[in-house]
Every structure is written in C-alpha cells, then in structure tokens.
file model_13.pdb (PDB, C-alpha atoms and all ligand atoms)
MODEL        1
ATOM      1  CA  MET A  78      10.735 -10.001  -1.925  1.00  0.00           C
ATOM      2  CA  SER A  79      10.317 -10.904   1.770  1.00  0.00           C
ATOM      3  CA  SER A  80       8.525 -14.102   2.796  1.00  0.00           C
ATOM      4  CA  PRO A  81       4.768 -13.666   3.085  1.00  0.00           C
ATOM      5  CA  GLN A  82       3.039 -13.370   6.466  1.00  0.00           C
ATOM      6  CA  ARG A  83      -0.006 -15.530   7.146  1.00  0.00           C
ATOM      7  CA  PRO A  84      -2.874 -13.792   5.287  1.00  0.00           C
ATOM      8  CA  ASP A  85      -5.891 -12.600   7.306  1.00  0.00           C
ATOM      9  CA  GLN A  86      -8.175 -14.402   4.870  1.00  0.00           C
ATOM     10  CA  PRO A  87      -7.585 -17.860   3.394  1.00  0.00           C
ATOM     11  CA  MET A  88      -6.232 -17.606  -0.156  1.00  0.00           C
ATOM     12  CA  ILE A  89      -7.910 -19.364  -3.090  1.00  0.00           C
ATOM     13  CA  ALA A  90      -5.912 -20.231  -6.208  1.00  0.00           C
ATOM     14  CA  PRO A  91      -8.039 -21.677  -9.037  1.00  0.00           C
ATOM     15  CA  SER A  92      -6.127 -24.241 -11.070  1.00  0.00           C
ATOM     16  CA  ILE A  93      -6.240 -23.574 -14.794  1.00  0.00           C
ATOM     17  CA  LEU A  94      -5.811 -27.294 -15.428  1.00  0.00           C
ATOM     18  CA  SER A  95      -9.617 -27.422 -15.241  1.00  0.00           C
ATOM     19  CA  ALA A  96     -10.102 -24.337 -17.435  1.00  0.00           C
ATOM     20  CA  ASP A  97     -10.647 -24.119 -21.192  1.00  0.00           C
ATOM     21  CA  PHE A  98      -7.112 -23.854 -22.598  1.00  0.00           C
ATOM     22  CA  ALA A  99      -8.393 -22.196 -25.775  1.00  0.00           C
ATOM     23  CA  ASN A 100      -9.817 -19.307 -23.733  1.00  0.00           C
ATOM     24  CA  LEU A 101      -7.354 -18.742 -20.920  1.00  0.00           C
ATOM     25  CA  ALA A 102      -7.714 -14.950 -20.763  1.00  0.00           C
ATOM     26  CA  ALA A 103     -11.478 -15.274 -20.325  1.00  0.00           C
ATOM     27  CA  GLU A 104     -11.000 -18.117 -17.851  1.00  0.00           C
ATOM     28  CA  ALA A 105      -8.708 -15.901 -15.756  1.00  0.00           C
ATOM     29  CA  ASP A 106     -11.342 -13.177 -15.856  1.00  0.00           C
ATOM     30  CA  ALA A 107     -13.962 -15.700 -14.741  1.00  0.00           C
ATOM     31  CA  VAL A 108     -12.150 -16.103 -11.398  1.00  0.00           C
ATOM     32  CA  ARG A 109     -11.583 -12.410 -10.648  1.00  0.00           C
ATOM     33  CA  GLY A 110     -11.307 -11.987  -6.905  1.00  0.00           C
ATOM     34  CA  SER A 111      -9.000 -14.973  -6.613  1.00  0.00           C
ATOM     35  CA  ASP A 112      -5.786 -14.452  -4.708  1.00  0.00           C
ATOM     36  CA  TRP A 113      -3.571 -16.332  -7.136  1.00  0.00           C
ATOM     37  CA  LEU A 114      -4.109 -18.150 -10.420  1.00  0.00           C
ATOM     38  CA  HIS A 115      -2.522 -21.596 -10.213  1.00  0.00           C
ATOM     39  CA  VAL A 116      -0.748 -22.566 -13.427  1.00  0.00           C
ATOM     40  CA  ASP A 117      -0.006 -26.279 -13.819  1.00  0.00           C
ATOM     41  CA  VAL A 118       3.140 -26.757 -15.903  1.00  0.00           C
ATOM     42  CA  MET A 119       3.599 -30.436 -16.811  1.00  0.00           C
ATOM     43  CA  ASP A 120       6.308 -31.911 -19.021  1.00  0.00           C
ATOM     44  CA  ALA A 121       5.096 -35.496 -19.669  1.00  0.00           C
ATOM     45  CA  HIS A 122       8.236 -36.759 -17.902  1.00  0.00           C
ATOM     46  CA  PHE A 123       7.947 -35.835 -14.230  1.00  0.00           C
ATOM     47  CA  VAL A 124       4.207 -36.494 -14.534  1.00  0.00           C
ATOM     48  CA  PRO A 125       2.300 -38.468 -17.186  1.00  0.00           C
ATOM     49  CA  ASN A 126       0.613 -35.396 -18.657  1.00  0.00           C
ATOM     50  CA  LEU A 127       1.594 -32.425 -20.831  1.00  0.00           C
ATOM     51  CA  THR A 128       0.090 -28.980 -20.414  1.00  0.00           C
ATOM     52  CA  LEU A 129       1.782 -25.656 -21.102  1.00  0.00           C
ATOM     53  CA  GLY A 130       5.048 -23.785 -20.695  1.00  0.00           C
ATOM     54  CA  LEU A 131       6.702 -20.398 -20.526  1.00  0.00           C
ATOM     55  CA  PRO A 132       5.255 -18.789 -23.706  1.00  0.00           C
ATOM     56  CA  ILE A 133       1.704 -19.310 -22.454  1.00  0.00           C
ATOM     57  CA  VAL A 134       2.629 -18.059 -18.985  1.00  0.00           C
ATOM     58  CA  GLU A 135       4.096 -14.919 -20.582  1.00  0.00           C
ATOM     59  CA  SER A 136       0.844 -14.374 -22.467  1.00  0.00           C
ATOM     60  CA  LEU A 137      -1.243 -14.988 -19.335  1.00  0.00           C
ATOM     61  CA  LEU A 138       0.794 -12.412 -17.447  1.00  0.00           C
ATOM     62  CA  LYS A 139      -0.339  -9.830 -19.989  1.00  0.00           C
ATOM     63  CA  ALA A 140      -3.951 -11.029 -19.876  1.00  0.00           C
ATOM     64  CA  THR A 141      -4.622 -10.927 -16.116  1.00  0.00           C
ATOM     65  CA  ASP A 142      -3.774  -8.928 -12.995  1.00  0.00           C
ATOM     66  CA  ILE A 143      -4.207 -12.012 -10.799  1.00  0.00           C
ATOM     67  CA  PRO A 144      -0.734 -13.039  -9.562  1.00  0.00           C
ATOM     68  CA  LEU A 145       0.418 -16.278 -11.149  1.00  0.00           C
ATOM     69  CA  ASP A 146       1.277 -19.253  -8.948  1.00  0.00           C
ATOM     70  CA  CYS A 147       3.302 -21.485 -11.273  1.00  0.00           C
ATOM     71  CA  HIS A 148       3.486 -25.119 -10.195  1.00  0.00           C
ATOM     72  CA  LEU A 149       6.228 -26.816 -12.158  1.00  0.00           C
ATOM     73  CA  MET A 150       5.639 -30.555 -12.388  1.00  0.00           C
ATOM     74  CA  ILE A 151       8.768 -30.978 -14.465  1.00  0.00           C
ATOM     75  CA  GLU A 152      12.217 -32.486 -14.492  1.00  0.00           C
ATOM     76  CA  ASP A 153      15.317 -30.310 -14.188  1.00  0.00           C
ATOM     77  CA  PRO A 154      13.849 -27.307 -12.327  1.00  0.00           C
ATOM     78  CA  LYS A 155      17.351 -25.816 -11.971  1.00  0.00           C
ATOM     79  CA  ARG A 156      17.277 -25.171 -15.700  1.00  0.00           C
ATOM     80  CA  TRP A 157      13.615 -24.351 -16.246  1.00  0.00           C
ATOM     81  CA  ALA A 158      12.279 -22.649 -13.104  1.00  0.00           C
ATOM     82  CA  PRO A 159      14.104 -19.267 -13.046  1.00  0.00           C
ATOM     83  CA  PRO A 160      12.624 -18.032 -16.373  1.00  0.00           C
ATOM     84  CA  TYR A 161       9.118 -18.213 -14.863  1.00  0.00           C
ATOM     85  CA  ALA A 162      10.303 -15.892 -12.102  1.00  0.00           C
ATOM     86  CA  GLU A 163      12.032 -13.591 -14.585  1.00  0.00           C
ATOM     87  CA  ALA A 164       8.813 -13.440 -16.628  1.00  0.00           C
ATOM     88  CA  GLY A 165       6.903 -12.114 -13.612  1.00  0.00           C
ATOM     89  CA  ALA A 166       5.221 -15.054 -11.874  1.00  0.00           C
ATOM     90  CA  ARG A 167       4.520 -14.246  -8.209  1.00  0.00           C
ATOM     91  CA  ASN A 168       5.338 -17.731  -6.905  1.00  0.00           C
ATOM     92  CA  VAL A 169       7.346 -20.448  -8.641  1.00  0.00           C
ATOM     93  CA  THR A 170       7.028 -23.905  -7.112  1.00  0.00           C
ATOM     94  CA  PHE A 171       9.019 -26.960  -8.130  1.00  0.00           C
ATOM     95  CA  HIS A 172       9.069 -30.522  -6.807  1.00  0.00           C
ATOM     96  CA  ALA A 173      11.449 -31.769  -4.145  1.00  0.00           C
ATOM     97  CA  GLU A 174      11.481 -35.127  -5.962  1.00  0.00           C
ATOM     98  CA  ALA A 175      12.800 -33.495  -9.146  1.00  0.00           C
ATOM     99  CA  THR A 176      16.164 -32.235  -7.872  1.00  0.00           C
ATOM    100  CA  ASN A 177      19.050 -33.111  -5.556  1.00  0.00           C
ATOM    101  CA  ASP A 178      19.705 -29.457  -4.795  1.00  0.00           C
ATOM    102  CA  PRO A 179      16.426 -27.706  -3.989  1.00  0.00           C
ATOM    103  CA  VAL A 180      18.124 -24.864  -2.101  1.00  0.00           C
ATOM    104  CA  SER A 181      20.081 -23.765  -5.138  1.00  0.00           C
ATOM    105  CA  VAL A 182      16.894 -23.710  -7.251  1.00  0.00           C
ATOM    106  CA  ALA A 183      15.100 -21.674  -4.566  1.00  0.00           C
ATOM    107  CA  LYS A 184      17.945 -19.158  -4.473  1.00  0.00           C
ATOM    108  CA  ASP A 185      17.780 -18.740  -8.256  1.00  0.00           C
ATOM    109  CA  ILE A 186      14.002 -18.210  -8.156  1.00  0.00           C
ATOM    110  CA  ARG A 187      14.266 -15.615  -5.391  1.00  0.00           C
ATOM    111  CA  ALA A 188      17.136 -13.861  -7.163  1.00  0.00           C
ATOM    112  CA  ALA A 189      14.913 -13.604 -10.239  1.00  0.00           C
ATOM    113  CA  GLY A 190      12.260 -11.800  -8.181  1.00  0.00           C
ATOM    114  CA  ALA A 191       9.610 -14.393  -7.309  1.00  0.00           C
ATOM    115  CA  LEU A 192       8.602 -16.256  -4.199  1.00  0.00           C
ATOM    116  CA  ALA A 193      10.121 -19.744  -4.136  1.00  0.00           C
ATOM    117  CA  GLY A 194       7.919 -22.765  -3.472  1.00  0.00           C
ATOM    118  CA  LEU A 195       8.705 -26.379  -2.687  1.00  0.00           C
ATOM    119  CA  SER A 196       6.139 -29.079  -3.466  1.00  0.00           C
ATOM    120  CA  ILE A 197       6.012 -32.641  -2.158  1.00  0.00           C
ATOM    121  CA  LYS A 198       3.976 -35.540  -3.522  1.00  0.00           C
ATOM    122  CA  PRO A 199       1.567 -37.389  -1.199  1.00  0.00           C
ATOM    123  CA  GLY A 200       4.086 -40.168  -0.524  1.00  0.00           C
ATOM    124  CA  THR A 201       7.053 -37.870   0.157  1.00  0.00           C
ATOM    125  CA  ASP A 202       8.004 -37.254   3.790  1.00  0.00           C
ATOM    126  CA  LEU A 203       8.255 -33.669   4.959  1.00  0.00           C
ATOM    127  CA  GLU A 204      10.854 -34.417   7.628  1.00  0.00           C
ATOM    128  CA  PRO A 205      13.998 -34.387   5.400  1.00  0.00           C
ATOM    129  CA  TYR A 206      13.028 -30.965   4.043  1.00  0.00           C
ATOM    130  CA  LEU A 207      12.149 -29.185   7.291  1.00  0.00           C
ATOM    131  CA  GLU A 208      15.609 -27.703   7.721  1.00  0.00           C
ATOM    132  CA  ILE A 209      15.776 -26.200   4.228  1.00  0.00           C
ATOM    133  CA  LEU A 210      12.357 -24.567   4.338  1.00  0.00           C
ATOM    134  CA  ARG A 211      13.969 -21.320   5.512  1.00  0.00           C
ATOM    135  CA  GLU A 212      15.056 -20.936   1.896  1.00  0.00           C
ATOM    136  CA  PHE A 213      11.438 -21.077   0.704  1.00  0.00           C
ATOM    137  CA  ASP A 214       8.379 -18.835   0.838  1.00  0.00           C
ATOM    138  CA  THR A 215       5.716 -21.469   0.151  1.00  0.00           C
ATOM    139  CA  LEU A 216       5.252 -25.194   0.725  1.00  0.00           C
ATOM    140  CA  LEU A 217       2.783 -26.929  -1.592  1.00  0.00           C
ATOM    141  CA  VAL A 218       1.499 -30.163  -0.088  1.00  0.00           C
ATOM    142  CA  MET A 219       0.032 -32.369  -2.825  1.00  0.00           C
ATOM    143  CA  SER A 220      -3.198 -34.052  -1.756  1.00  0.00           C
ATOM    144  CA  VAL A 221      -3.452 -36.114  -4.969  1.00  0.00           C
ATOM    145  CA  GLU A 222      -0.788 -37.679  -7.180  1.00  0.00           C
ATOM    146  CA  PRO A 223       0.308 -34.834  -9.475  1.00  0.00           C
ATOM    147  CA  GLY A 224      -0.735 -35.047 -13.118  1.00  0.00           C
ATOM    148  CA  PHE A 225      -4.490 -34.750 -13.374  1.00  0.00           C
ATOM    149  CA  GLY A 226      -7.428 -32.772 -12.032  1.00  0.00           C
ATOM    150  CA  GLY A 227     -10.609 -34.261 -10.619  1.00  0.00           C
ATOM    151  CA  GLN A 228      -8.991 -36.825  -8.291  1.00  0.00           C
ATOM    152  CA  SER A 229     -10.093 -37.593  -4.726  1.00  0.00           C
ATOM    153  CA  PHE A 230      -8.558 -35.721  -1.805  1.00  0.00           C
ATOM    154  CA  MET A 231      -6.071 -37.723   0.325  1.00  0.00           C
ATOM    155  CA  PRO A 232      -6.697 -36.642   3.934  1.00  0.00           C
ATOM    156  CA  GLU A 233      -3.616 -38.477   5.216  1.00  0.00           C
ATOM    157  CA  VAL A 234      -1.380 -35.683   3.864  1.00  0.00           C
ATOM    158  CA  LEU A 235      -2.848 -33.322   6.452  1.00  0.00           C
ATOM    159  CA  ASP A 236      -0.385 -34.629   9.056  1.00  0.00           C
ATOM    160  CA  LYS A 237       2.309 -32.838   7.048  1.00  0.00           C
ATOM    161  CA  VAL A 238       0.238 -29.653   7.109  1.00  0.00           C
ATOM    162  CA  ARG A 239      -0.159 -29.909  10.905  1.00  0.00           C
ATOM    163  CA  THR A 240       3.579 -30.405  11.336  1.00  0.00           C
ATOM    164  CA  ILE A 241       4.516 -27.371   9.293  1.00  0.00           C
ATOM    165  CA  ARG A 242       1.753 -25.230  10.848  1.00  0.00           C
ATOM    166  CA  THR A 243       3.184 -25.948  14.303  1.00  0.00           C
ATOM    167  CA  ARG A 244       6.669 -24.913  13.161  1.00  0.00           C
ATOM    168  CA  ILE A 245       5.324 -21.712  11.608  1.00  0.00           C
ATOM    169  CA  ASP A 246       3.148 -20.788  14.567  1.00  0.00           C
ATOM    170  CA  SER A 247       6.072 -21.306  16.948  1.00  0.00           C
ATOM    171  CA  GLY A 248       8.004 -18.690  14.958  1.00  0.00           C
ATOM    172  CA  ASP A 249      10.552 -21.215  13.741  1.00  0.00           C
ATOM    173  CA  LEU A 250       9.658 -20.768  10.059  1.00  0.00           C
ATOM    174  CA  ARG A 251       7.828 -18.212   7.949  1.00  0.00           C
ATOM    175  CA  LEU A 252       6.126 -19.464   4.798  1.00  0.00           C
ATOM    176  CA  LEU A 253       2.707 -20.004   3.258  1.00  0.00           C
ATOM    177  CA  VAL A 254       1.226 -23.494   3.283  1.00  0.00           C
ATOM    178  CA  GLU A 255      -0.614 -24.485   0.102  1.00  0.00           C
ATOM    179  CA  ILE A 256      -2.602 -27.600  -0.631  1.00  0.00           C
ATOM    180  CA  ASP A 257      -3.429 -28.943  -4.079  1.00  0.00           C
ATOM    181  CA  GLY A 258      -5.721 -31.718  -5.207  1.00  0.00           C
ATOM    182  CA  GLY A 259      -9.327 -32.636  -4.511  1.00  0.00           C
ATOM    183  CA  ILE A 260     -10.139 -29.390  -2.698  1.00  0.00           C
ATOM    184  CA  ASN A 261     -13.871 -28.703  -2.823  1.00  0.00           C
ATOM    185  CA  ALA A 262     -16.838 -27.865  -0.582  1.00  0.00           C
ATOM    186  CA  ASP A 263     -16.551 -31.274   1.132  1.00  0.00           C
ATOM    187  CA  THR A 264     -12.811 -31.185   1.852  1.00  0.00           C
ATOM    188  CA  ILE A 265     -11.729 -27.572   2.329  1.00  0.00           C
ATOM    189  CA  ALA A 266     -12.799 -27.342   5.980  1.00  0.00           C
ATOM    190  CA  GLU A 267     -10.534 -30.154   7.201  1.00  0.00           C
ATOM    191  CA  ALA A 268      -7.622 -28.718   5.239  1.00  0.00           C
ATOM    192  CA  ALA A 269      -8.278 -25.281   6.759  1.00  0.00           C
ATOM    193  CA  GLU A 270      -8.477 -26.751  10.263  1.00  0.00           C
ATOM    194  CA  ALA A 271      -5.119 -28.438   9.705  1.00  0.00           C
ATOM    195  CA  GLY A 272      -3.536 -25.057   8.931  1.00  0.00           C
ATOM    196  CA  VAL A 273      -3.503 -24.482   5.173  1.00  0.00           C
ATOM    197  CA  ASP A 274      -3.174 -20.840   4.036  1.00  0.00           C
ATOM    198  CA  CYS A 275      -3.733 -21.177   0.282  1.00  0.00           C
ATOM    199  CA  PHE A 276      -6.120 -23.631  -1.382  1.00  0.00           C
ATOM    200  CA  VAL A 277      -5.666 -24.709  -4.997  1.00  0.00           C
ATOM    201  CA  ALA A 278      -8.950 -25.805  -6.552  1.00  0.00           C
ATOM    202  CA  GLY A 279      -9.531 -26.807 -10.161  1.00  0.00           C
ATOM    203  CA  SER A 280     -12.710 -28.727 -10.836  1.00  0.00           C
ATOM    204  CA  ALA A 281     -14.543 -27.233  -7.832  1.00  0.00           C
ATOM    205  CA  VAL A 282     -14.054 -23.758  -9.331  1.00  0.00           C
ATOM    206  CA  TYR A 283     -14.141 -24.253 -13.092  1.00  0.00           C
ATOM    207  CA  GLY A 284     -16.838 -26.915 -12.864  1.00  0.00           C
ATOM    208  CA  ALA A 285     -19.143 -24.483 -11.051  1.00  0.00           C
ATOM    209  CA  ASP A 286     -21.858 -22.463 -12.815  1.00  0.00           C
ATOM    210  CA  ASP A 287     -20.142 -19.263 -11.676  1.00  0.00           C
ATOM    211  CA  PRO A 288     -16.422 -19.762 -10.949  1.00  0.00           C
ATOM    212  CA  ALA A 289     -16.069 -16.380  -9.194  1.00  0.00           C
ATOM    213  CA  VAL A 290     -18.891 -17.273  -6.796  1.00  0.00           C
ATOM    214  CA  ALA A 291     -17.328 -20.687  -6.190  1.00  0.00           C
ATOM    215  CA  VAL A 292     -14.085 -18.951  -5.167  1.00  0.00           C
ATOM    216  CA  GLU A 293     -15.925 -16.759  -2.642  1.00  0.00           C
ATOM    217  CA  LYS A 294     -17.815 -19.736  -1.219  1.00  0.00           C
ATOM    218  CA  LEU A 295     -14.634 -21.779  -0.782  1.00  0.00           C
ATOM    219  CA  ARG A 296     -12.892 -18.858   0.914  1.00  0.00           C
ATOM    220  CA  ALA A 297     -15.835 -18.359   3.299  1.00  0.00           C
ATOM    221  CA  GLN A 298     -15.842 -22.071   4.174  1.00  0.00           C
ATOM    222  CA  ALA A 299     -12.109 -22.063   4.840  1.00  0.00           C
ATOM    223  CA  LEU A 300     -12.380 -18.941   6.990  1.00  0.00           C
ATOM    224  CA  ALA A 301     -15.199 -20.440   9.054  1.00  0.00           C
ATOM    225  CA  ALA A 302     -13.224 -23.654   9.578  1.00  0.00           C
ATOM    226  CA  ARG A 303     -10.009 -21.844  10.495  1.00  0.00           C
ATOM    227  CA  GLY A 304     -11.873 -19.921  13.188  1.00  0.00           C
TER     228      GLY A 304
HETATM  229  O1  LIG B 401      -1.604 -30.013  -9.861  1.00  0.00           O
HETATM  230  C1  LIG B 401      -2.672 -30.550  -9.918  1.00  0.00           C
HETATM  231  C2  LIG B 401      -2.779 -31.929 -10.427  1.00  0.00           C
HETATM  232  O2  LIG B 401      -1.509 -32.349 -10.719  1.00  0.00           O
HETATM  233  C3  LIG B 401      -3.836 -29.823  -9.416  1.00  0.00           C
HETATM  234  O3  LIG B 401      -3.668 -28.420  -9.508  1.00  0.00           O
HETATM  235  C4  LIG B 401      -5.145 -30.224  -9.932  1.00  0.00           C
HETATM  236  O4  LIG B 401      -5.340 -29.711 -11.194  1.00  0.00           O
HETATM  237  C5  LIG B 401      -6.230 -29.719  -9.041  1.00  0.00           C
HETATM  238  O5  LIG B 401      -7.446 -30.095  -9.603  1.00  0.00           O
HETATM  239  P1  LIG B 401      -8.669 -30.553  -8.701  1.00  0.00           P
HETATM  240  O6  LIG B 401      -8.204 -31.739  -7.900  1.00  0.00           O
HETATM  241  O7  LIG B 401      -8.962 -29.384  -7.802  1.00  0.00           O
HETATM  242  O8  LIG B 401      -9.727 -30.844  -9.687  1.00  0.00           O
ENDMDL
END
call {"tool": "encode", "arguments": {"input": "model_13.pdb", "output": "structure tokens"}}
result
Amino acid sequence: MSSPQRPDQPMIAPSILSADFANLAAEADAVRGSDWLHVDVMDAHFVPNLTLGLPIVESLLKATDIPLDCHLMIEDPKRWAPPYAEAGARNVTFHAEATNDPVSVAKDIRAAGALAGLSIKPGTDLEPYLEILREFDTLLVMSVEPGFGGQSFMPEVLDKVRTIRTRIDSGDLRLLVEIDGGINADTIAEAAEAGVDCFVAGSAVYGADDPAVAVEKLRAQALAARG
C-alpha cells in the first residue's frame, strides 16, 4: 500500500472509546460517512485503562465497511501490532514511547498490508522521530494524555503539527497527520489551521444527538478553517 496523499476533504475518525461497547456494530453504523473508525486498544500497562483487543477488532471488521484506524496504546507493539494489520485494519498506529525500534514495527505492519502509524504523547518531542517518518504513513499527535476520553484539548501540541505540516508541504515527507484528544466544535478549527488531515473525535461525536450529523459538522468546520 503506498503512503496516502493529503485528502481533498479533512478526514473524521470517530473514537469508539466513547461508544457503547455492548453495541459496537450499531455504533459503527451510527457514524456512517466517517472516513475511518478509530479503535482505541488499551492494555492497562502502557495506559491506565483497559478496553479491547484483536478478537473484537476482527468482529468489527465484519460488522462495518468503515476502514478501521487501530490505535494501540499498548506495550510491546513489535509482538502485538502486526496481527491487527493481518486482520484487515487500514491503519495500525503504535506509540513511539512503547518501543526502542519503531522502524522495525512499521516495516512489519506494512508487510502485513496496513498503513503504519506512529503516535506521540503530548510531552514527547517530535524532533528525534523526524528522520524515521519516511517509514510511516500516518503520525498521530496526541492532544490529551492517552487513556481516557472526554479530556481537554492541549493546544501546545499544535507546534508539532505545524512542524510536520511544513516538512510534508515542502515535499520532504509524505504522510497523514492525525490528532487525537479533545477535538470538538470549539477546538477543531485551530487544529485544522495548524495542518491536521485526520481528526479523531470521541465524545463530540458519540455524545451528540445524531453522531453522523456531528461527523459532517466537524468535517465542514475543519474544511472551512483549512481554507
Ligand atoms: O485515544 C484516546 C484517549 O486515549 C482518544 O481517542 C479519546 O478517546 C478521544 O476522546 P475525546 O477526547 O474526543 O472524547
């Protein structure tokens, strides 16, 4: 799979962390029209929360046509990430802080047929990773501490988005820039202005009366802000 070009329209990826876990097929259907469905995999070690794993992702893949964007907030991604790609996830993202050899994990994910994503926590510098981003298709900039939905957006992480946007726009790198945490009607515009391509949103989508309408509204806001 070749690295994605910048999409014409901003991408919206609802986070199922804010969905009803007993009704995930219906919750996926409730956000039809989304670009990706963001699946938060947490192991209670890398982050202080436990969510779901590969068997549920395999079931979700059968239940929805929306491409799955699996965000692995787990230890030992070298061992656990490739099976998500083999199962059919579109994008498999793991954390830079969870491995000493991110390039080897990215190669395994790509070899298994998915896009490879690198995520960095709010306090992690982008600089040390700039040179390896050629091995990745997506960069997920966390705008809250990973682990829980419903937290407040941290605008200071947008400097990292601006840095990577400049490198992409100069032709130096080709990858999608994602942001995750606290994205809603009040925060999406500044993230879009900074250069984000794909917006993960949990509570702003699943907390809305009509999640599918919330997705369209967020996309329209991001498009207007991006210009
Ligand atoms: O990965 C995470 C949290 O670790 C996110 O995907 C959140 O689940 C997003 O939720 P909101 O901040 O949009 O409510």
call {"tool": "atom_distance", "arguments": {"input": "model_13.pdb", "atom1": "CA of Ala271 in chain A", "atom2": "CA of Arg167 in chain A"}}
result
24.8 Å
call {"tool": "resolve_selection", "arguments": {"input": "model_13.pdb", "expression": "the PyMOL selection byres (((chain A and resi 161) around 10) and not hetatm)", "output": "list in words"}}
result
Gly130, Leu131, Pro132, Val134, Glu135, Leu145, Asp146, Cys147, Leu149, Trp157, Ala158, Pro159, Pro160, Ala162, Glu163, Ala164, Gly165, Ala166, Arg167, Asn168, Val169, Thr170, Ile186, Ala189, Gly190 and Ala191 of chain A
call {"tool": "closest_residue", "arguments": {"input": "model_13.pdb", "among": "A:Leu216, A:Met231, A:Val290, A:Leu138", "to": "ligand LIG 401 (chain B)", "atoms": "only C-alpha atoms and all ligand atoms"}}
result
A:Met231
call {"tool": "atom_distance", "arguments": {"input": "model_13.pdb", "atom1": "CA of Val180 in chain A", "atom2": "CA of Leu235 in chain A"}}
result
24.2 Å
call {"tool": "residues_near_ligand", "arguments": {"input": "model_13.pdb", "ligand": "ligand LIG 401 (chain B)", "cutoff": "9 Å", "atoms": "only C-alpha atoms and all ligand atoms", "output": "number ranges by chain"}}
result
A: 91-95, 115-119, 124, 126, 148-150, 219-230, 256-261, 277-284
call {"tool": "resolve_selection", "arguments": {"input": "model_13.pdb", "expression": "the PyMOL selection byres (((chain A and resi 199-208) around 10) and not hetatm)", "output": "PyMOL selection string"}}
result
chain A and resi 173-174+179+195-198+209-212+216+218-223+231-238+240-241+244+250
call {"tool": "resolve_selection", "arguments": {"input": "model_13.pdb", "expression": "the PyMOL selection byres (((chain A and resi 272) around 8) and not hetatm)", "output": "list in words"}}
result
Val238, Arg239, Arg242, Val254, Ala268, Ala269, Glu270, Ala271, Val273, Asp274 and Arg303 of chain A
call {"tool": "closest_residue", "arguments": {"input": "model_13.pdb", "among": "A:Pro125, A:Ala105, A:Gln82, A:Leu253", "to": "Lys139 in chain A", "atoms": "all atoms listed in the file"}}
result
A:Ala105
call {"tool": "closest_residue", "arguments": {"input": "model_13.pdb", "among": "A:Asp286, A:Asp112, A:Asp106, A:Asp142", "to": "Ile89 in chain A", "atoms": "all atoms listed in the file"}}
result
A:Asp112
call {"tool": "atom_distance", "arguments": {"input": "model_13.pdb", "atom1": "CA of Phe276 in chain A", "atom2": "CA of Glu255 in chain A"}}
result
5.8 Å
call {"tool": "closest_residue", "arguments": {"input": "model_13.pdb", "among": "A:Asp185, A:Asp214, A:Glu267, A:Asp97", "to": "Leu252 in chain A", "atoms": "all atoms listed in the file"}}
result
A:Asp214
call {"tool": "closest_residue", "arguments": {"input": "model_13.pdb", "among": "A:Arg83, A:Leu129, A:Thr215, A:Pro144", "to": "Arg187 in chain A", "atoms": "all atoms listed in the file"}}
result
A:Thr215
call {"tool": "residues_near_point", "arguments": {"input": "model_13.pdb", "point": "(15.3, -32.7, -12.8)", "cutoff": "9 Å", "atoms": "all atoms listed in the file", "output": "MDAnalysis selection string"}}
result
chainID A and resid 123 151:156 172 174:177
call {"tool": "write_last_selection", "arguments": {"input": "model_13.pdb", "atoms": "C-alpha atoms", "output": "mmCIF file, in the coordinates of the input"}}
result
data_model
loop_
_atom_site.group_PDB
_atom_site.id
_atom_site.type_symbol
_atom_site.label_atom_id
_atom_site.label_comp_id
_atom_site.auth_asym_id
_atom_site.auth_seq_id
_atom_site.Cartn_x
_atom_site.Cartn_y
_atom_site.Cartn_z
ATOM 1 C CA PHE A 123 7.947 -35.835 -14.230
ATOM 2 C CA ILE A 151 8.768 -30.978 -14.465
ATOM 3 C CA GLU A 152 12.217 -32.486 -14.492
ATOM 4 C CA ASP A 153 15.317 -30.310 -14.188
ATOM 5 C CA PRO A 154 13.849 -27.307 -12.327
ATOM 6 C CA LYS A 155 17.351 -25.816 -11.971
ATOM 7 C CA ARG A 156 17.277 -25.171 -15.700
ATOM 8 C CA HIS A 172 9.069 -30.522 -6.807
ATOM 9 C CA GLU A 174 11.481 -35.127 -5.962
ATOM 10 C CA ALA A 175 12.800 -33.495 -9.146
ATOM 11 C CA THR A 176 16.164 -32.235 -7.872
ATOM 12 C CA ASN A 177 19.050 -33.111 -5.556
#
call {"tool": "closest_residue", "arguments": {"input": "model_13.pdb", "among": "A:Ser80, A:Gln86, A:Ala140, A:Phe98", "to": "Gln298 in chain A", "atoms": "all atoms listed in the file"}}
result
A:Gln86
